[in-house]
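Trainee: The following file, data_5.cif, comprises mmCIF, C-alpha atoms and all ligand atoms:
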```
data_entry
loop_
_atom_site.label_atom_id
_atom_site.label_comp_id
_atom_site.auth_asym_id
_atom_site.auth_seq_id
_atom_site.Cartn_x
_atom_site.Cartn_y
_atom_site.Cartn_z
CA MET A 806 37.04 29.23 53.92
CA VAL A 807 34.25 27.99 51.65
CA ILE A 808 31.06 27.70 53.64
CA GLN A 809 28.99 24.74 52.53
CA LYS A 810 25.32 25.52 53.01
CA PRO A 811 23.00 22.49 53.26
CA LYS A 812 21.06 21.74 50.09
CA SER A 813 19.52 18.51 51.36
CA ALA A 814 17.00 17.76 54.07
CA ILE A 815 15.32 14.79 55.74
CA LEU A 816 11.87 15.10 57.24
CA LEU A 817 11.07 12.59 60.01
CA VAL A 818 7.44 11.68 59.45
CA GLY A 819 7.23 8.04 60.53
CA GLY A 820 5.95 8.30 64.11
CA LEU A 821 2.66 6.73 65.21
CA GLY A 822 1.08 9.97 66.47
CA THR A 823 -0.44 8.03 69.37
CA ARG A 824 -1.30 11.10 71.43
CA LEU A 825 -3.47 12.30 68.54
CA HIS A 826 -5.77 9.27 68.38
CA PRO A 827 -8.31 9.02 66.82
CA LEU A 828 -7.16 11.74 64.37
CA THR A 829 -4.12 9.67 63.39
CA LEU A 830 -5.83 6.32 62.86
CA GLN A 831 -6.10 6.91 59.11
CA THR A 832 -3.98 10.02 58.62
CA PRO A 833 -0.36 10.20 59.78
CA LYS A 834 0.25 13.15 62.12
CA PRO A 835 2.29 15.14 59.56
CA MET A 836 -0.55 14.90 57.00
CA LEU A 837 -3.16 16.35 59.36
CA SER A 838 -4.45 19.66 58.07
CA VAL A 839 -3.24 22.70 59.96
CA ALA A 840 -4.74 26.04 58.84
CA GLY A 841 -6.01 24.40 55.66
CA ILE A 842 -2.76 22.67 54.59
CA PRO A 843 -1.20 19.31 55.48
CA PHE A 844 1.32 20.02 58.24
CA THR A 845 4.23 18.65 56.19
CA GLU A 846 3.58 21.25 53.50
CA HIS A 847 4.31 24.07 55.97
CA GLN A 848 7.69 22.47 56.64
CA ILE A 849 8.54 21.70 53.01
CA VAL A 850 7.87 25.29 51.97
CA LYS A 851 10.00 26.55 54.87
CA ALA A 852 12.85 24.26 53.81
CA ARG A 853 12.68 25.48 50.22
CA ALA A 854 12.74 29.12 51.37
CA ALA A 855 15.98 28.34 53.25
CA GLY A 856 17.63 27.10 50.03
CA ILE A 857 16.98 23.34 50.36
CA LYS A 858 16.82 21.70 46.93
CA GLU A 859 16.01 18.08 47.80
CA ILE A 860 14.14 16.51 50.68
CA VAL A 861 13.59 12.88 51.66
CA LEU A 862 10.48 12.04 53.65
CA ALA A 863 11.43 9.33 56.15
CA THR A 864 8.16 7.44 56.44
CA SER A 865 6.94 4.33 58.18
CA TYR A 866 3.44 4.46 59.71
CA LEU A 867 0.84 5.04 56.90
CA ALA A 868 3.72 5.71 54.48
CA GLU A 869 1.42 5.42 51.45
CA VAL A 870 -0.44 8.64 52.31
CA PHE A 871 2.42 11.05 51.51
CA GLU A 872 3.39 10.34 47.92
CA PRO A 873 -0.02 10.88 46.25
CA TYR A 874 -0.07 14.40 47.73
CA PHE A 875 3.56 15.53 47.34
CA GLY A 876 4.60 13.48 44.29
CA ASN A 877 8.14 14.27 43.09
CA GLY A 878 7.90 17.76 44.59
CA GLU A 879 7.64 19.64 41.29
CA ARG A 880 4.54 21.49 42.51
CA PHE A 881 6.54 22.72 45.53
CA GLY A 882 9.74 23.65 43.68
CA ILE A 883 11.81 21.03 45.52
CA GLU A 884 12.83 17.45 44.75
CA ILE A 885 11.00 15.02 47.02
CA SER A 886 11.69 11.31 47.49
CA TYR A 887 10.44 8.75 49.98
CA ALA A 888 12.34 6.38 52.26
CA VAL A 889 9.95 3.78 53.67
CA GLU A 890 10.87 1.81 56.81
CA GLU A 891 9.15 -1.57 56.91
CA SER A 892 9.17 -1.34 60.66
CA ALA A 893 9.98 1.92 62.42
CA LEU A 894 13.76 2.44 62.80
CA GLY A 895 13.66 5.24 65.38
CA THR A 896 14.82 8.78 64.61
CA GLY A 897 18.49 7.80 64.02
CA GLY A 898 17.68 4.68 62.01
CA ALA A 899 15.28 6.76 59.91
CA ILE A 900 17.99 9.35 59.19
CA ALA A 901 20.52 6.68 58.13
CA ASN A 902 17.93 4.97 55.94
CA ALA A 903 16.76 8.22 54.29
CA ALA A 904 20.26 9.62 53.71
CA ALA A 905 20.94 6.83 51.20
CA LEU A 906 18.49 8.57 48.83
CA LEU A 907 20.14 12.01 48.94
CA GLN A 908 21.88 13.08 45.75
CA SER A 909 23.95 16.10 46.83
CA ASP A 910 26.88 16.19 49.27
CA GLY A 911 27.35 18.39 52.28
CA PRO A 912 25.53 18.84 55.57
CA VAL A 913 21.90 17.77 55.90
CA VAL A 914 19.04 19.55 57.66
CA ILE A 915 16.83 17.16 59.64
CA PHE A 916 13.35 18.17 60.73
CA ASN A 917 11.07 16.47 63.23
CA GLY A 918 7.84 16.24 61.27
CA ASP A 919 5.57 17.77 63.90
CA VAL A 920 7.17 21.09 64.79
CA LEU A 921 5.78 24.48 63.76
CA SER A 922 8.69 26.86 64.06
CA SER A 923 9.58 30.39 62.99
CA HIS A 924 13.24 29.99 63.91
CA ASP A 925 15.89 31.39 61.60
CA LEU A 926 17.18 28.35 59.73
CA HIS A 927 19.72 30.52 57.85
CA ALA A 928 21.26 31.64 61.13
CA GLN A 929 21.41 28.01 62.33
CA MET A 930 23.19 27.03 59.08
CA GLU A 931 25.65 29.88 59.46
CA LEU A 932 26.51 28.95 63.03
CA HIS A 933 27.05 25.34 61.93
CA ALA A 934 29.38 26.33 59.10
CA SER A 935 31.30 29.10 60.88
CA GLN A 936 32.01 26.98 64.00
CA ASN A 937 32.88 23.89 62.03
CA ALA A 938 30.28 21.89 63.95
CA ASP A 939 29.54 18.18 63.61
CA VAL A 940 25.88 18.64 64.55
CA THR A 941 23.96 21.84 65.32
CA LEU A 942 20.64 21.61 67.14
CA HIS A 943 17.97 24.27 67.23
CA LEU A 944 17.20 24.84 70.91
CA THR A 945 14.39 26.77 72.54
CA THR A 946 13.13 27.33 76.07
CA VAL A 947 9.87 26.10 77.59
CA PRO A 948 8.39 26.51 81.08
CA ASP A 949 8.34 22.72 81.68
CA ALA A 950 11.05 20.70 79.94
CA ARG A 951 10.00 17.22 81.14
CA ALA A 952 8.34 16.14 77.88
CA TYR A 953 11.35 17.04 75.72
CA GLY A 954 15.06 16.47 75.17
CA VAL A 955 16.79 18.78 77.64
CA VAL A 956 20.32 20.14 77.36
CA GLU A 957 22.97 21.84 79.44
CA MET A 958 25.35 24.05 77.51
CA ASP A 959 28.12 26.63 77.76
CA ASP A 960 28.09 29.56 75.29
CA VAL A 961 27.35 27.43 72.27
CA ARG A 962 28.44 23.85 73.00
CA ILE A 963 26.04 21.22 74.26
CA LEU A 964 27.45 19.53 77.38
CA THR A 965 24.64 17.10 78.25
CA PHE A 966 21.55 15.80 76.45
CA ASN A 967 18.80 13.89 78.25
CA GLU A 968 15.58 12.76 76.61
CA LYS A 969 12.46 13.19 78.77
CA MET A 970 13.62 13.35 82.35
CA GLU A 971 11.76 13.92 85.63
CA ASN A 972 13.96 16.71 87.01
CA PRO A 973 15.41 18.67 84.09
CA PRO A 974 18.50 20.71 85.06
CA THR A 975 17.53 23.54 82.64
CA ASN A 976 14.53 24.59 80.60
CA ILE A 977 16.51 24.63 77.35
CA ILE A 978 15.15 21.95 75.04
CA ASN A 979 15.82 20.26 71.73
CA ALA A 980 13.45 21.97 69.30
CA GLY A 981 13.69 19.15 66.73
CA CYS A 982 15.61 20.71 63.81
CA TYR A 983 19.21 19.64 63.31
CA ILE A 984 22.08 20.10 60.89
CA PHE A 985 24.13 16.90 60.62
CA ASN A 986 27.46 16.49 58.85
CA ARG A 987 27.60 13.46 56.57
CA GLU A 988 30.29 11.75 58.67
CA VAL A 989 27.92 11.72 61.65
CA ILE A 990 25.14 10.16 59.57
CA ALA A 991 27.55 7.59 58.13
CA ALA A 992 28.48 6.52 61.68
CA ILE A 993 24.86 5.66 62.65
CA PRO A 994 24.68 1.84 62.82
CA PRO A 995 22.57 0.67 59.84
CA GLY A 996 19.56 -1.65 59.83
CA ARG A 997 18.49 -1.39 63.47
CA VAL A 998 16.45 0.92 65.68
CA VAL A 999 18.50 3.94 66.76
CA SER A 1000 17.29 7.03 68.61
CA VAL A 1001 19.35 10.16 67.98
CA GLU A 1002 18.03 11.57 71.24
CA ARG A 1003 18.84 8.57 73.46
CA GLU A 1004 21.90 7.20 71.67
CA THR A 1005 23.57 9.42 69.04
CA PHE A 1006 23.63 12.74 70.90
CA PRO A 1007 24.88 11.33 74.25
CA GLU A 1008 27.57 9.34 72.38
CA LEU A 1009 28.72 12.40 70.41
CA ILE A 1010 29.01 14.37 73.66
CA ALA A 1011 30.96 11.52 75.30
CA SER A 1012 33.40 11.44 72.37
CA HIS A 1013 33.89 15.26 72.52
CA ALA A 1014 32.38 15.89 69.11
CA ASN A 1015 31.47 19.46 68.25
CA LEU A 1016 27.77 19.37 69.16
CA LEU A 1017 26.42 22.92 69.09
CA GLY A 1018 23.19 24.59 70.12
CA TYR A 1019 21.57 27.40 68.18
CA VAL A 1020 19.20 29.04 70.67
CA ASP A 1021 16.30 30.82 69.02
CA SER A 1022 13.19 31.59 71.02
CA SER A 1023 10.86 32.70 68.23
CA TYR A 1024 7.48 30.98 67.81
CA TRP A 1025 7.76 27.22 68.39
CA LEU A 1026 5.18 24.48 68.94
CA ASP A 1027 5.17 20.66 68.84
CA ILE A 1028 1.74 19.78 67.42
CA GLY A 1029 1.72 16.29 68.98
CA THR A 1030 -1.47 16.62 71.07
CA PRO A 1031 -5.05 17.66 70.13
CA ALA A 1032 -4.75 20.86 72.20
CA ALA A 1033 -1.47 21.77 70.47
CA LEU A 1034 -2.93 21.04 67.04
CA LEU A 1035 -5.82 23.42 67.72
CA GLN A 1036 -3.36 25.99 69.01
CA ALA A 1037 -1.24 25.75 65.83
CA ASN A 1038 -4.38 26.29 63.79
CA ARG A 1039 -5.39 29.29 65.89
CA ASP A 1040 -1.90 30.82 65.90
CA LEU A 1041 -1.43 30.54 62.14
CA ILE A 1042 -4.87 31.92 61.31
CA SER A 1043 -4.46 34.85 63.71
CA ALA A 1044 -0.84 35.51 62.52
CA VAL A 1045 0.72 34.79 65.93
CA ALA A 1046 2.70 32.14 64.02
CA TYR A 1047 4.01 32.55 60.49
CA SER A 1048 4.23 30.03 57.65
CA ASP A 1049 5.10 30.76 54.02
CA ALA A 1050 2.76 27.99 52.91
CA PHE A 1051 -0.13 29.58 54.79
CA SER A 1052 0.65 33.01 53.25
CA HIS A 1053 0.52 31.42 49.80
CA LEU A 1054 -2.83 29.83 50.66
CA MET A 1055 -4.21 33.23 51.69
CA GLU A 1056 -3.05 34.76 48.39
CA GLY A 1057 -5.37 32.34 46.57
CA SER A 1058 -9.13 32.50 46.60
CA GLU A 1059 -10.07 29.28 48.38
CA PHE A 1060 -10.25 30.56 51.95
CA THR A 1061 -11.09 33.80 53.73
CA ARG A 1062 -10.04 34.88 57.18
CA VAL A 1063 -13.08 36.01 59.14
CA GLY A 1064 -11.89 37.42 62.43
CA SER A 1065 -9.50 34.71 63.56
CA ALA A 1066 -11.32 31.89 61.81
CA LEU A 1067 -10.57 30.44 58.38
CA ILE A 1068 -13.52 29.67 56.13
CA ALA A 1069 -13.52 27.99 52.70
CA HIS A 1070 -15.23 30.10 50.06
CA ASP A 1071 -17.58 27.35 49.03
CA ALA A 1072 -18.74 26.58 52.60
CA GLN A 1073 -22.41 27.38 53.17
CA ILE A 1074 -22.87 29.09 56.50
CA ASP A 1075 -26.25 30.23 57.72
CA PRO A 1076 -26.12 33.96 58.62
CA SER A 1077 -27.32 33.18 62.16
CA ALA A 1078 -24.36 30.84 62.84
CA ILE A 1079 -21.41 32.07 64.90
CA ILE A 1080 -17.89 30.95 63.99
CA ARG A 1081 -15.42 31.86 66.73
CA ALA A 1082 -11.65 32.37 66.73
CA GLY A 1083 -9.35 29.52 65.79
CA SER A 1084 -11.98 27.61 63.81
CA LEU A 1085 -11.31 26.08 60.41
CA ILE A 1086 -14.29 25.47 58.14
CA SER A 1087 -13.15 23.32 55.19
CA ARG A 1088 -14.41 23.11 51.62
CA GLY A 1089 -17.99 22.05 51.03
CA VAL A 1090 -19.04 22.31 54.69
CA LYS A 1091 -22.67 23.17 55.52
CA VAL A 1092 -23.39 24.99 58.77
CA HIS A 1093 -27.08 25.36 59.64
CA SER A 1094 -28.91 28.05 61.61
CA GLY A 1095 -28.10 28.84 65.21
CA VAL A 1096 -24.85 26.85 65.24
CA VAL A 1097 -21.89 28.02 67.35
CA ILE A 1098 -18.43 26.73 66.39
CA ASP A 1099 -15.61 27.73 68.70
CA GLY A 1100 -11.93 26.88 68.09
CA SER A 1101 -12.83 23.71 66.18
CA VAL A 1102 -11.73 22.05 62.94
CA ILE A 1103 -14.53 21.00 60.57
CA GLY A 1104 -13.43 18.62 57.78
CA GLU A 1105 -14.49 18.78 54.13
CA SER A 1106 -18.20 18.44 53.30
CA ALA A 1107 -19.21 17.89 56.94
CA GLN A 1108 -22.67 19.09 57.94
CA ILE A 1109 -23.43 20.77 61.24
CA GLY A 1110 -27.12 20.54 62.21
CA GLU A 1111 -29.27 23.39 63.49
CA GLY A 1112 -28.41 24.77 66.90
CA ALA A 1113 -25.37 22.50 67.41
CA ARG A 1114 -22.55 23.87 69.55
CA LEU A 1115 -18.99 22.62 69.12
CA LYS A 1116 -16.05 23.77 71.18
CA GLU A 1117 -12.41 22.71 70.67
CA SER A 1118 -13.54 19.66 68.73
CA PHE A 1119 -12.64 17.92 65.47
CA VAL A 1120 -15.19 16.77 62.89
CA ALA A 1121 -13.98 14.38 60.17
CA ALA A 1122 -14.69 14.97 56.48
CA GLY A 1123 -18.24 14.02 55.46
CA THR A 1124 -19.57 13.65 59.03
CA LYS A 1125 -23.08 14.82 59.94
CA ILE A 1126 -23.54 16.41 63.36
CA PRO A 1127 -27.20 16.15 64.46
CA ASN A 1128 -29.38 19.15 65.31
CA GLY A 1129 -28.90 20.55 68.79
CA PHE A 1130 -25.76 18.50 69.53
CA ILE A 1131 -23.43 20.01 72.15
CA ALA A 1132 -19.79 18.94 72.49
CA GLU A 1133 -16.47 20.11 73.90
CA SER A 1134 -13.02 18.57 73.23
CA GLU A 1135 -14.45 15.70 71.20
CA PHE A 1136 -13.76 13.89 67.93
CA PHE A 1137 -16.43 12.91 65.43
CA GLY A 1138 -16.25 10.53 62.52
CA PHE A 1139 -12.61 9.36 62.85
CA SER A 1140 -13.15 5.61 62.63
CA ASP A 1141 -10.46 2.92 62.69
N1 LIG B 1201 10.72 7.80 60.01
C1 LIG B 1201 10.57 7.73 61.33
N2 LIG B 1201 10.80 6.54 61.97
N3 LIG B 1201 10.18 8.85 61.99
C2 LIG B 1201 10.03 8.75 63.34
C3 LIG B 1201 10.25 7.57 64.06
C4 LIG B 1201 10.66 6.39 63.31
O1 LIG B 1201 10.88 5.33 63.86
N4 LIG B 1201 10.01 7.82 65.38
C5 LIG B 1201 9.65 9.11 65.45
N5 LIG B 1201 9.65 9.69 64.24
C6 LIG B 1201 9.35 11.08 63.90
C7 LIG B 1201 7.96 11.50 64.33
O2 LIG B 1201 7.05 11.35 63.25
C8 LIG B 1201 8.16 12.98 64.67
O3 LIG B 1201 8.04 13.80 63.52
C9 LIG B 1201 9.61 13.06 65.12
O4 LIG B 1201 10.25 11.86 64.64
C10 LIG B 1201 9.74 13.15 66.65
O5 LIG B 1201 8.99 12.12 67.24
P1 LIG B 1201 7.90 12.42 68.38
O6 LIG B 1201 7.26 11.13 68.70
O7 LIG B 1201 7.05 13.56 68.00
O8 LIG B 1201 8.87 12.79 69.58
P2 LIG B 1201 8.63 13.80 70.80
O9 LIG B 1201 7.83 14.96 70.39
O10 LIG B 1201 8.18 13.02 71.97
O11 LIG B 1201 10.16 14.28 71.10
C11 LIG B 1201 11.00 14.76 70.08
O12 LIG B 1201 10.68 16.10 69.76
C12 LIG B 1201 10.87 17.06 70.82
C13 LIG B 1201 10.53 18.44 70.27
O13 LIG B 1201 9.24 18.47 69.83
C14 LIG B 1201 12.45 14.65 70.54
O14 LIG B 1201 13.28 14.97 69.43
C15 LIG B 1201 12.73 15.62 71.71
O15 LIG B 1201 14.10 15.60 72.04
C16 LIG B 1201 12.32 17.03 71.33
O16 LIG B 1201 12.50 17.91 72.45
MG MG B 1202 6.72 15.48 68.76
#
```
Could you quickly redo this structure as structure tokens?
Mentor:
Amino acid sequence: MVIQKPKSAILLVGGLGTRLHPLTLQTPKPMLSVAGIPFTEHQIVKARAAGIKEIVLATSYLAEVFEPYFGNGERFGIEISYAVEESALGTGGAIANAAALLQSDGPVVIFNGDVLSSHDLHAQMELHASQNADVTLHLTTVPDARAYGVVEMDDVRILTFNEKMENPPTNIINAGCYIFNREVIAAIPPGRVVSVERETFPELIASHANLLGYVDSSYWLDIGTPAALLQANRDLISAVAYSDAFSHLMEGSEFTRVGSALIAHDAQIDPSAIIRAGSLISRGVKVHSGVVIDGSVIGESAQIGEGARLKESFVAAGTKIPNGFIAESEFFGFSD
């Protein structure tokens, strides 16, 4: 049997990122910087490492922000194109719309655009091919499954799929990375809102399609809330989580890891300032004397005044924090 490995991928990056307001008022969630790199870049580099040659970004909200950064993908060694939904089509509608731009045949890897994952994509592809699956979902386990798509399964087959339910029957969840056969994508009704989680998966199960689960419990995080975004930052910087894109960044000379904080080389930091674990200090930032920054993200060229203390907070590029200011879990300078 010839095993057809996916060469194409679709990245779902059109959501509103509502839970991340005000960070996502001007920047779509997947373009937010995580450990010094737009989140989408972590995923694109992971896809390329798994042998993906072309990727379509399925965009809607703030679609215009992606292309100036990623271009045609040459810089990332992968072909990138953009499918723009005039109004959001839902995850299924987005997949159908984006698939029209793919050039190669064969199964397609679909990524939710907000998941930091160290799962073994090769192993997922092999399971899909060897079991002749229609769709293979990456699954993981979480303590509380209520905020996710939850499944029941036998050895490898998914028996039920329920999106966000009050009393989940298991703690095995949809981790947001799928392999879809082309026939399944072709059957998604075109031109209307479709949710793969609420419509496509339950229908495939009802029609006894071969819907498989690849369970992999390595590092996994949905970055959809401010707390999760800070955690992703912290975990990447302290090497609890791994990303090829972040390793490449560390090979360059722009940033240094100081303890478990990441600091741009050209940032000016007064020697009396304390930068604690999980903090990201971007290019051109000025940190004055007596400042304490703890698990916070400071955007490019921001200035932090004398004696200010920031904990688990976000400061937008170019913002000035006054002397002596004290804040915890706050956002500064993200206007609408
Ligand atoms: N292009 C496009 N169009 N993308 C969309 C749309 C749309 O209409 N709606 C959502 N997306 C993208 C989002 O940008 C995100 O990357 C991804 O689809 C998932 O949407 P979220 O809004 O983040 O969903 P969620 O986190 O509540 O739930 C999803 O992810 C969980 C794992 O993190 C579901 O897939 C769950 O089943 C899953 O457990
Ligand atoms: Mg999400």
Trainee: Go through chain A residue by residue and, counting only C-alpha atoms and all ligand atoms, keep those with an atom at most 6 Å from ligand MG 1202 (chain B); for each kept residue give the shortest atom pair and its distance in Å to one decimal, ordered by chain and increasing number, as a tab-separated table.
Mentor:
```
residue	atom	partner	partner_atom	distance
A:Asp919	CA	B:MG1202	MG	5.5
A:Asp1027	CA	B:MG1202	MG	5.4
A:Gly1029	CA	B:MG1202	MG	5.1
```
Trainee: Find, counting only C-alpha atoms and all ligand atoms, the residue in A:Glu859, A:Asp1049, A:Glu968, A:Glu891 that gets nearest to ligand LIG 1201 (chain B).
Mentor: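 Between A:Glu859, A:Asp1049, A:Glu968, A:Glu891, the residue approaching ligand LIG 1201 (chain B) most closely is A:Glu968.
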Trainee: Counting all atoms listed in the file, which residue out of A:Pro873, A:Gly841, A:Pro995, A:Pro835 sits closest to Leu921 of chain A?
Mentor: A:Pro835
Trainee: Would you mind reading off the distance between atom CA of Leu837 of chain A and atom CA of Pro948 of chain A, one decimal, in Å?
Mentor: 26.6 Å
Trainee: Which polymer residues, protein or nucleic acid, are no farther than 12 Å from (-9.5, 36.5, 58.3), counting only C-alpha atoms, as a VMD selection string?
Mentor: chain A and resid 840 1039 1041 to 1044 1052 1055 to 1056 1060 to 1070 1080 to 1085
Trainee: Show me which residues sit within 7 Å of ligand LIG 1201 (chain B) when counting all atoms listed in the file, and put them as a short mmCIF file (atom, residue, chain, number, x, y, z; two decimals) with C-alpha atoms, in the frame of the given file.
Mentor:
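Saved result, part-v9.cif, follows:
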```cif
data_model
loop_
_atom_site.label_atom_id
_atom_site.label_comp_id
_atom_site.auth_asym_id
_atom_site.auth_seq_id
_atom_site.Cartn_x
_atom_site.Cartn_y
_atom_site.Cartn_z
CA LEU A 817 11.07 12.59 60.01
CA VAL A 818 7.44 11.68 59.45
CA GLY A 819 7.23 8.04 60.53
CA GLY A 820 5.95 8.30 64.11
CA LEU A 821 2.66 6.73 65.21
CA GLY A 822 1.08 9.97 66.47
CA ALA A 863 11.43 9.33 56.15
CA THR A 864 8.16 7.44 56.44
CA SER A 865 6.94 4.33 58.18
CA GLU A 890 10.87 1.81 56.81
CA ALA A 893 9.98 1.92 62.42
CA LEU A 894 13.76 2.44 62.80
CA GLY A 895 13.66 5.24 65.38
CA THR A 896 14.82 8.78 64.61
CA ALA A 899 15.28 6.76 59.91
CA ASN A 917 11.07 16.47 63.23
CA GLY A 918 7.84 16.24 61.27
CA ASP A 919 5.57 17.77 63.90
CA VAL A 920 7.17 21.09 64.79
CA ALA A 952 8.34 16.14 77.88
CA TYR A 953 11.35 17.04 75.72
CA GLY A 954 15.06 16.47 75.17
CA VAL A 955 16.79 18.78 77.64
CA GLU A 968 15.58 12.76 76.61
CA ILE A 978 15.15 21.95 75.04
CA ASN A 979 15.82 20.26 71.73
CA ALA A 980 13.45 21.97 69.30
CA GLY A 981 13.69 19.15 66.73
CA GLU A 1002 18.03 11.57 71.24
CA ASP A 1027 5.17 20.66 68.84
CA GLY A 1029 1.72 16.29 68.98
#
```
Trainee: So, with only C-alpha atoms as the atoms that count, which of A:Ser1023, A:Ser892, A:Ser1106, A:Gln929 lies closest to Gly1089 of chain A?
Mentor: A:Ser1106
Trainee: Taking into account only C-alpha atoms, which residue in the set A:Leu825, A:Ala1032, A:Ile885, A:Ile990 is nearest to Gly897 of chain A?
Mentor: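 Once distances to Gly897 of chain A are computed over only C-alpha atoms, the minimum belongs to A:Ile990.
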Trainee: Have a look at atom CA of Leu867 of chain A and atom CA of Leu830 of chain A and let me know their distance in Å, one decimal.
Mentor: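 Going from atom CA of Leu867 of chain A over to atom CA of Leu830 of chain A, I get 9.0 Å.
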Trainee: Excluding Ser813 of chain A and residues on its chain fewer than 2 positions from it, collect all residues at most 7 Å away from it, counting all atoms listed in the file, and give them as a VMD selection string.
Mentor: chain A and resid 811 857 to 860 907 909 913 to 914
Trainee: Which residue gives the smallest distance to His847 of chain A among A:Ile1098, A:Leu932, A:Ile1109, A:Leu1054, with only C-alpha atoms counted?
Mentor: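 When distances to His847 of chain A are compared using only C-alpha atoms, the smallest one comes from A:Leu1054.
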Trainee: Kindly assemble as CSV a list of the segment 973-1059 of chain A residues that lie within 9 Å of segment 1099-1103 of chain A, each paired with its nearest atom pair and their distance in Å to one decimal, using all atoms listed in the file, sorted first by chain and then by ascending residue number.
Mentor:
```
residue,atom,partner,partner_atom,distance
A:Leu1035,CA,A:Gly1100,CA,7.0
A:Gln1036,CA,A:Gly1100,CA,8.7
A:Asn1038,CA,A:Val1102,CA,8.5
A:Arg1039,CA,A:Gly1100,CA,7.3
```
Trainee: Let me make sure I understand: among A:Gly911, A:Gly898, A:Pro843, A:Pro974, which one has the smallest atom-to-atom distance to Leu1034 of chain A if we use all atoms listed in the file?
Mentor: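 Closest to Leu1034 of chain A, using all atoms listed in the file: A:Pro843.
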